[in-house]
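A.B. asks: For reference, the file run09.cif (mmCIF, C-alpha atoms) is included below:
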```
data_work
#
loop_
_atom_site.label_atom_id
_atom_site.label_comp_id
_atom_site.auth_asym_id
_atom_site.auth_seq_id
_atom_site.Cartn_x
_atom_site.Cartn_y
_atom_site.Cartn_z
CA ALA R 1176 -2.76 21.36 1.76
CA GLN R 1177 0.56 21.66 0.02
CA SER R 1178 0.61 21.87 -3.76
CA VAL R 1179 2.99 22.71 -6.55
CA ALA R 1180 2.09 23.88 -10.04
CA GLN R 1181 4.26 24.01 -13.10
CA PRO R 1182 1.99 25.77 -15.59
CA GLU R 1183 3.92 24.76 -18.70
CA ASP R 1184 4.17 21.14 -19.81
CA GLN R 1185 6.73 22.04 -22.43
CA VAL R 1186 9.18 24.90 -22.87
CA ASN R 1187 11.14 25.39 -26.09
CA VAL R 1188 14.06 27.78 -26.28
CA ALA R 1189 16.83 28.42 -28.80
CA GLU R 1190 20.37 27.62 -27.77
CA GLY R 1191 22.06 30.68 -26.31
CA ASN R 1192 18.80 32.34 -25.30
CA PRO R 1193 17.75 32.78 -21.68
CA LEU R 1194 15.36 30.18 -20.30
CA THR R 1195 12.72 30.23 -17.58
CA VAL R 1196 10.83 27.29 -16.13
CA LYS R 1197 7.96 28.38 -13.93
CA CYS R 1198 6.85 27.06 -10.54
CA THR R 1199 4.20 28.26 -8.12
CA TYR R 1200 3.38 26.71 -4.78
CA SER R 1201 0.90 26.66 -1.94
CA VAL R 1202 1.86 25.74 1.62
CA SER R 1203 0.60 26.43 5.13
CA GLY R 1204 3.82 27.71 6.64
CA ASN R 1205 7.14 28.85 5.28
CA PRO R 1206 8.10 26.97 2.14
CA TYR R 1207 11.26 25.05 1.45
CA LEU R 1208 11.67 24.86 -2.31
CA PHE R 1209 13.76 22.63 -4.55
CA TRP R 1210 14.47 22.16 -8.24
CA TYR R 1211 15.47 18.80 -9.68
CA VAL R 1212 16.37 17.75 -13.22
CA GLN R 1213 15.76 14.37 -14.84
CA TYR R 1214 17.69 13.36 -17.93
CA PRO R 1215 16.29 10.53 -20.09
CA ASN R 1216 16.38 7.13 -18.38
CA ARG R 1217 18.00 8.59 -15.28
CA GLY R 1218 16.95 9.39 -11.74
CA LEU R 1219 16.40 12.92 -10.54
CA GLN R 1220 19.35 15.17 -9.74
CA PHE R 1221 19.29 18.10 -7.36
CA LEU R 1222 19.85 21.55 -8.90
CA LEU R 1223 19.21 24.08 -6.16
CA LYS R 1224 17.12 24.93 -3.13
CA TYR R 1225 15.68 27.84 -1.22
CA ILE R 1226 15.43 27.52 2.55
CA THR R 1227 15.86 31.05 3.82
CA GLY R 1228 17.86 34.20 3.14
CA ASP R 1229 18.65 35.72 -0.24
CA ASN R 1230 15.75 35.38 -2.67
CA LEU R 1231 18.08 34.62 -5.58
CA VAL R 1232 19.56 31.16 -5.31
CA LYS R 1233 22.37 29.86 -7.49
CA GLY R 1234 22.78 26.18 -8.24
CA SER R 1235 24.43 23.60 -10.43
CA TYR R 1236 25.17 23.94 -14.17
CA GLY R 1237 24.65 27.72 -14.20
CA PHE R 1238 21.03 27.57 -13.07
CA GLU R 1239 19.49 30.01 -10.62
CA ALA R 1240 16.03 30.54 -9.18
CA GLU R 1241 14.23 33.46 -7.66
CA PHE R 1242 11.97 33.06 -4.65
CA ASN R 1243 9.04 35.50 -4.67
CA LYS R 1244 6.96 35.21 -1.53
CA SER R 1245 4.20 37.60 -2.60
CA GLN R 1246 3.65 35.72 -5.85
CA THR R 1247 4.33 32.32 -4.25
CA SER R 1248 6.70 31.52 -7.09
CA PHE R 1249 10.10 29.93 -7.50
CA HIS R 1250 11.01 30.17 -11.18
CA LEU R 1251 14.11 28.46 -12.53
CA LYS R 1252 16.33 30.50 -14.85
CA LYS R 1253 19.49 30.31 -16.87
CA PRO R 1254 21.01 33.21 -18.81
CA SER R 1255 22.13 31.14 -21.82
CA ALA R 1256 20.59 27.76 -22.64
CA LEU R 1257 22.63 24.78 -23.85
CA VAL R 1258 21.35 21.85 -25.90
CA SER R 1259 22.50 19.62 -23.03
CA ASP R 1260 19.99 21.39 -20.74
CA SER R 1261 17.17 19.56 -22.53
CA ALA R 1262 15.52 17.46 -19.83
CA LEU R 1263 12.53 17.19 -17.52
CA TYR R 1264 12.50 19.69 -14.65
CA PHE R 1265 10.65 19.25 -11.38
CA CYS R 1266 9.86 21.79 -8.70
CA ALA R 1267 9.29 20.43 -5.19
CA VAL R 1268 8.15 21.93 -1.90
CA ARG R 1269 8.39 20.97 1.73
CA ASP R 1270 6.37 22.81 4.35
CA GLU R 1271 7.88 23.81 7.69
CA THR R 1272 4.78 22.42 9.38
CA SER R 1273 5.18 18.98 7.80
CA TYR R 1274 8.60 18.92 6.25
CA ASP R 1275 8.87 15.18 6.20
CA LYS R 1276 6.42 15.14 3.28
CA VAL R 1277 7.59 16.29 -0.13
CA ILE R 1278 5.29 17.46 -2.91
CA PHE R 1279 6.53 17.51 -6.50
CA GLY R 1280 5.10 19.43 -9.41
CA PRO R 1281 4.07 17.60 -12.59
CA GLY R 1282 7.28 18.48 -14.38
CA THR R 1283 8.20 20.69 -17.34
CA SER R 1284 9.93 19.30 -20.38
CA LEU R 1285 12.61 21.70 -21.63
CA SER R 1286 13.83 21.46 -25.21
CA VAL R 1287 16.78 23.57 -26.26
CA ILE R 1288 16.90 23.89 -30.03
CA PRO R 1289 20.29 24.16 -31.72
CA GLU C 1095 30.80 6.36 -4.58
CA ALA C 1096 27.82 7.80 -2.73
CA GLN C 1097 24.70 6.39 -4.29
CA VAL C 1098 21.20 5.01 -4.01
CA THR C 1099 20.71 1.66 -5.71
CA GLN C 1100 17.47 -0.02 -6.71
CA ASN C 1101 16.77 -3.53 -7.93
CA PRO C 1102 15.46 -4.66 -10.25
CA ARG C 1103 15.64 -1.86 -12.79
CA TYR C 1104 12.93 -3.41 -14.95
CA LEU C 1105 10.19 -5.81 -13.94
CA ILE C 1106 7.23 -7.29 -15.77
CA THR C 1107 4.83 -9.28 -13.62
CA VAL C 1108 1.26 -10.50 -13.48
CA THR C 1109 -1.62 -9.32 -11.36
CA GLY C 1110 -1.53 -10.67 -7.83
CA LYS C 1111 2.03 -11.96 -7.76
CA LYS C 1112 3.82 -10.47 -4.76
CA LEU C 1113 6.98 -8.54 -5.49
CA THR C 1114 9.63 -6.54 -3.68
CA VAL C 1115 11.72 -3.70 -5.04
CA THR C 1116 14.87 -3.16 -3.02
CA CYS C 1117 16.48 0.18 -2.23
CA SER C 1118 19.81 0.71 -0.56
CA GLN C 1119 21.90 3.80 0.20
CA ASN C 1120 25.51 4.03 1.36
CA MET C 1121 25.45 7.59 2.70
CA ASN C 1122 24.17 6.85 6.22
CA HIS C 1123 21.07 8.92 5.54
CA GLU C 1124 18.25 8.88 8.04
CA TYR C 1125 15.46 9.85 5.63
CA MET C 1126 14.33 7.56 2.82
CA SER C 1127 11.32 7.74 0.56
CA TRP C 1128 9.55 6.00 -2.31
CA TYR C 1129 7.90 7.79 -5.22
CA ARG C 1130 6.04 6.77 -8.31
CA GLN C 1131 6.28 8.78 -11.49
CA ASP C 1132 3.40 8.86 -13.95
CA PRO C 1133 3.08 11.06 -17.05
CA GLY C 1134 1.43 14.39 -16.27
CA LEU C 1135 1.37 13.69 -12.55
CA GLY C 1136 5.00 14.17 -11.66
CA LEU C 1137 6.32 12.29 -8.65
CA ARG C 1138 3.95 11.23 -5.94
CA GLN C 1139 5.22 10.11 -2.56
CA ILE C 1140 4.20 6.59 -1.55
CA TYR C 1141 5.88 6.08 1.81
CA TYR C 1142 8.73 7.65 3.70
CA SER C 1143 10.88 6.83 6.68
CA MET C 1144 12.51 9.26 9.06
CA ASN C 1145 14.75 6.58 10.56
CA VAL C 1146 14.97 2.88 11.43
CA GLU C 1147 11.57 1.45 12.40
CA VAL C 1148 9.87 4.80 11.65
CA THR C 1149 7.72 4.87 8.52
CA ASP C 1150 4.73 6.91 7.44
CA LYS C 1151 2.34 7.19 4.55
CA GLY C 1152 2.80 9.61 1.71
CA ASP C 1153 0.07 10.69 -0.66
CA VAL C 1154 -0.51 7.38 -2.48
CA PRO C 1155 0.19 4.50 -0.06
CA GLU C 1156 -2.68 2.19 -1.07
CA GLY C 1157 -1.46 -1.19 -2.29
CA TYR C 1158 2.09 -0.75 -1.00
CA LYS C 1159 4.02 -1.72 2.11
CA VAL C 1160 7.46 -0.75 3.34
CA SER C 1161 9.82 -1.67 6.14
CA ARG C 1162 12.91 -0.05 7.61
CA LYS C 1163 14.80 -2.60 9.66
CA GLU C 1164 18.21 -1.24 8.78
CA LYS C 1165 19.28 2.30 8.12
CA ARG C 1166 20.62 1.60 4.65
CA ASN C 1167 17.68 -0.41 3.24
CA PHE C 1168 14.10 0.56 2.48
CA PRO C 1169 12.29 -2.09 0.40
CA LEU C 1170 8.97 -1.46 -1.31
CA ILE C 1171 6.55 -4.38 -1.23
CA LEU C 1172 3.56 -4.92 -3.47
CA GLU C 1173 1.57 -7.73 -1.87
CA SER C 1174 -0.91 -8.10 -4.73
CA PRO C 1175 0.08 -5.92 -7.67
CA SER C 1176 -2.57 -4.57 -10.01
CA PRO C 1177 -2.27 -2.99 -13.46
CA ASN C 1178 -2.81 0.51 -12.01
CA GLN C 1179 0.52 0.09 -10.22
CA THR C 1180 2.33 0.02 -13.54
CA SER C 1181 4.69 2.95 -13.16
CA LEU C 1182 8.25 4.18 -12.77
CA TYR C 1183 9.37 3.98 -9.16
CA PHE C 1184 12.11 5.97 -7.49
CA CYS C 1185 13.75 5.57 -4.12
CA ALA C 1186 15.41 8.60 -2.54
CA SER C 1187 17.37 9.41 0.60
CA SER C 1188 18.62 12.47 2.43
CA PRO C 1189 20.18 13.43 5.73
CA SER C 1190 17.69 14.51 8.33
CA ARG C 1191 18.56 16.75 11.17
CA GLN C 1192 16.09 18.71 13.27
CA GLY C 1193 15.34 22.02 11.63
CA VAL C 1194 17.63 21.43 8.69
CA LEU C 1195 16.36 20.44 5.29
CA TYR C 1196 18.50 18.70 2.74
CA GLU C 1197 18.00 17.77 -0.87
CA GLN C 1198 17.27 14.17 -1.76
CA TYR C 1199 19.48 11.72 -3.63
CA PHE C 1200 17.57 9.55 -6.07
CA GLY C 1201 18.08 6.03 -7.29
CA PRO C 1202 18.04 5.19 -11.03
CA GLY C 1203 14.43 4.05 -11.01
CA THR C 1204 12.53 0.78 -11.42
CA ARG C 1205 10.13 0.43 -14.32
CA LEU C 1206 7.32 -1.90 -13.27
CA THR C 1207 4.72 -3.32 -15.61
CA VAL C 1208 1.80 -5.32 -14.18
CA THR C 1209 -0.24 -7.26 -16.72
#
```
Before we go any further, please render this structure as structure tokens.

C.D. replies:
Amino acid sequence: AQSVAQPEDQVNVAEGNPLTVKCTYSVSGNPYLFWYVQYPNRGLQFLLKYITGDNLVKGSYGFEAEFNKSQTSFHLKKPSALVSDSALYFCAVRDETSYDKVIFGPGTSLSVIP
Amino acid sequence: EAQVTQNPRYLITVTGKKLTVTCSQNMNHEYMSWYRQDPGLGLRQIYYSMNVEVTDKGDVPEGYKVSRKEKRNFPLILESPSPNQTSLYFCASSPSRQGVLYEQYFGPGTRLTVT
């Protein structure tokens, strides 16, 4: 069965420091991986995705993520955090064998401290 | 403006009183889906639709119904709401083409409270 884990409920980082939000997954076939961000009282917004190709994926707002097949991970990163990056981040996976279903992780709350 | 709209945004109701949450998208997307968001559980898929008249269950379909009579609309129906359906609900849509996977566009959410 598909599953997504985000091992940290909360991540705190100082403004200007690099940030990492972790995601690991389990699927039957090849994974299709997504990161979404949710600002307070808003719907989710797409940040980036990995389908195939280069393991380092660049997305919106300066975010990037690295796909690591051997570690079944897809960690979200940003070289220099902004206070405005404070939000709830969700990792999601679709499986090539059942890609019409989408599994989301529990979310990680990111706080960037001025 | 390309968007997914949901109505109502907030709803307080009583146990057993049937309700419908509407969802509409103006992007001509084939795929639409409903999720509920609960603290610590993330988003869980309730139902999804690959196209008109094609719907299927997600991970938590119990107590919900959907229909897809038109491409743009995908209402969520709670025939007899119960307090455990108190949650934040999101509708989402995406293009769907064989072998190609797209990101989803989300509505603003509907906060439902069942007393």

A.B. asks: Within 7 Å of chain C, which residues of chain R are there when counting all atoms listed in the file? Please give them as a PyMOL selection string.

C.D. replies: chain R and resi 1217-1221+1276+1279-1282

A.B. asks: So, counting all atoms listed in the file, which residue among R:Thr1283, R:Asn1216, R:Thr1199, R:Gln1181 is closest to Glu1241 (chain R)?

C.D. replies: R:Thr1199

A.B. asks: Write out as a ChimeraX atom specification each polymer residue whose atoms come within 12 Å of Lys1233 (chain R), counting all atoms listed in the file; drop sequence neighbours fewer than 4 positions from it.

C.D. replies: /R:1209-1210,1222-1225,1229,1237-1242,1250-1254

A.B. asks: Just so the selection is clear, what residues does the PyMOL selection byres ((chain C and resi 1104-1111) around 9) cover here, as a list in words?

C.D. replies: Asn1101, Pro1102, Arg1103, Lys1112, Leu1113, Leu1172, Glu1173, Ser1174, Pro1175, Ser1176, Pro1177, Gly1203, Thr1204, Arg1205, Leu1206, Thr1207, Val1208 and Thr1209 of chain C

A.B. asks: Care to translate the PyMOL selection byres ((chain R and resi 1187) around 6) into actual residues of this file, as a ChimeraX atom specification?

C.D. replies: /R:1186,1188,1285-1287

A.B. asks: Distance CA of Val1179 (chain R)-CA of Ile1140 (chain C), one decimal place?

C.D. replies: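 It comes out at 16.9 Å.
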
A.B. asks: Name the residues that the PyMOL selection byres ((chain C and resi 1115-1117) around 6) picks from the file above, as a ChimeraX atom specification, using the file's chain letters and numbers.

C.D. replies: /C:1099-1101,1114,1118,1167-1170

A.B. asks: Take CA of Arg1269 (chain R) and CA of Thr1227 (chain R) and report the distance between them in Å, one decimal.

C.D. replies: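 CA of Arg1269 (chain R) sits 12.7 Å away from CA of Thr1227 (chain R).
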
A.B. asks: In terms of the shortest atom-to-atom distance over only C-alpha atoms, which of C:Glu1095, C:Thr1149, C:Glu1124, C:Gly1157 is closest to Thr1180 (chain C)?

C.D. replies: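 With only C-alpha atoms as the atom set, the closest residue is C:Gly1157.
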
A.B. asks: Between CA of Glu1183 (chain R) and CA of Val1196 (chain R), what distance in Å does the model show, to one decimal?

C.D. replies: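 Separation between CA of Glu1183 (chain R) and CA of Val1196 (chain R): 7.8 Å.
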
A.B. asks: Closest to Pro1155 (chain C) among C:Ser1187, C:Ile1171, C:Leu1182, C:Asn1122, using all atoms listed in the file?

C.D. replies: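 Ranked by minimum distance to Pro1155 (chain C), first place goes to C:Ile1171.
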
A.B. asks: Counting only C-alpha atoms, I want the residues whose atoms come within 12 Å of (19.5, 17.6, -22.8) in the file frame, returned as JSON, numbers by chain.

C.D. replies: {"R": [1187, 1190, 1212, 1213, 1214, 1215, 1216, 1217, 1256, 1257, 1258, 1259, 1260, 1261, 1262, 1263, 1264, 1284, 1285, 1286, 1287, 1288, 1289]}
